Amino acid sequence: MRYPPRPRTPLFTRQVDAVDVEPVIRVETFTDEQVVAKCDGLCQVCGRPVDLDALGPDGPAFMWKVPLEKSRQATLRNRLLVHERCRGGTP
């Protein structure tokens with residue numbers, strides 16, 4: 001008899017399906033200036049220019065086009081410039 005005996009529990013014999021494994025998130029390095037240039041300085045919700053020096057509701061904010069939980073893409077293509085007041089809107 002081998003010591004210790006080989007365990008025969010589901011913990012060691014369970015097969016993992018592809019659905020059980022979360023896909024890896026794709027991350028890209030970019031700056032806020034690149035996001036502003038990509039969006040031409042316009043809010044992607046209302047279409048009006050964003051005052052980059054303003055604070056409050058007219059100030060700049062950034063949001064994901066498709067939320068990271070769904071897209072798993074933290075990329076420049078998925079990042080948008082919006083007004084602070086438009087942040088919760090749909091692009």
# chains A, B, ... in the order shown; residues from 1 in each chain; ligands from 1

call {"tool": "residues_around", "arguments": {"residues": "Val27 in chain A", "least_positions_apart": "3", "cutoff": "8 Å", "atoms": "only C-alpha atoms", "output": "ChimeraX atom specification"}}
result
/A:73-75

call {"tool": "residues_around", "arguments": {"residues": "Asp58 in chain A", "least_positions_apart": "4", "cutoff": "7 Å", "atoms": "only C-alpha atoms", "output": "PyMOL selection string"}}
result
chain A and resi 50-51+54+83-85

call {"tool": "residues_around", "arguments": {"residues": "Gly88 in chain A", "least_positions_apart": "3", "cutoff": "12 Å", "atoms": "only C-alpha atoms", "output": "list in words"}}
result
Gln44, Val45, Cys46, Pro57, Ala61, Phe62, Met63, Trp64, Lys65, Pro67, Val82, His83, Glu84, Arg85 and Pro91 of chain A

call {"tool": "atom_distance", "arguments": {"atom1": "CA of Glu69 in chain A", "atom2": "CA of Arg87 in chain A"}}
result
17.3 Å

call {"tool": "atom_distance", "arguments": {"atom1": "CA of Arg72 in chain A", "atom2": "CA of Gly47 in chain A"}}
result
26.1 Å

call {"tool": "closest_residue", "arguments": {"among": "A:Thr31, A:Leu80, A:Gly56, A:Lys70", "to": "Cys43 in chain A", "atoms": "only C-alpha atoms"}}
result
A:Leu80
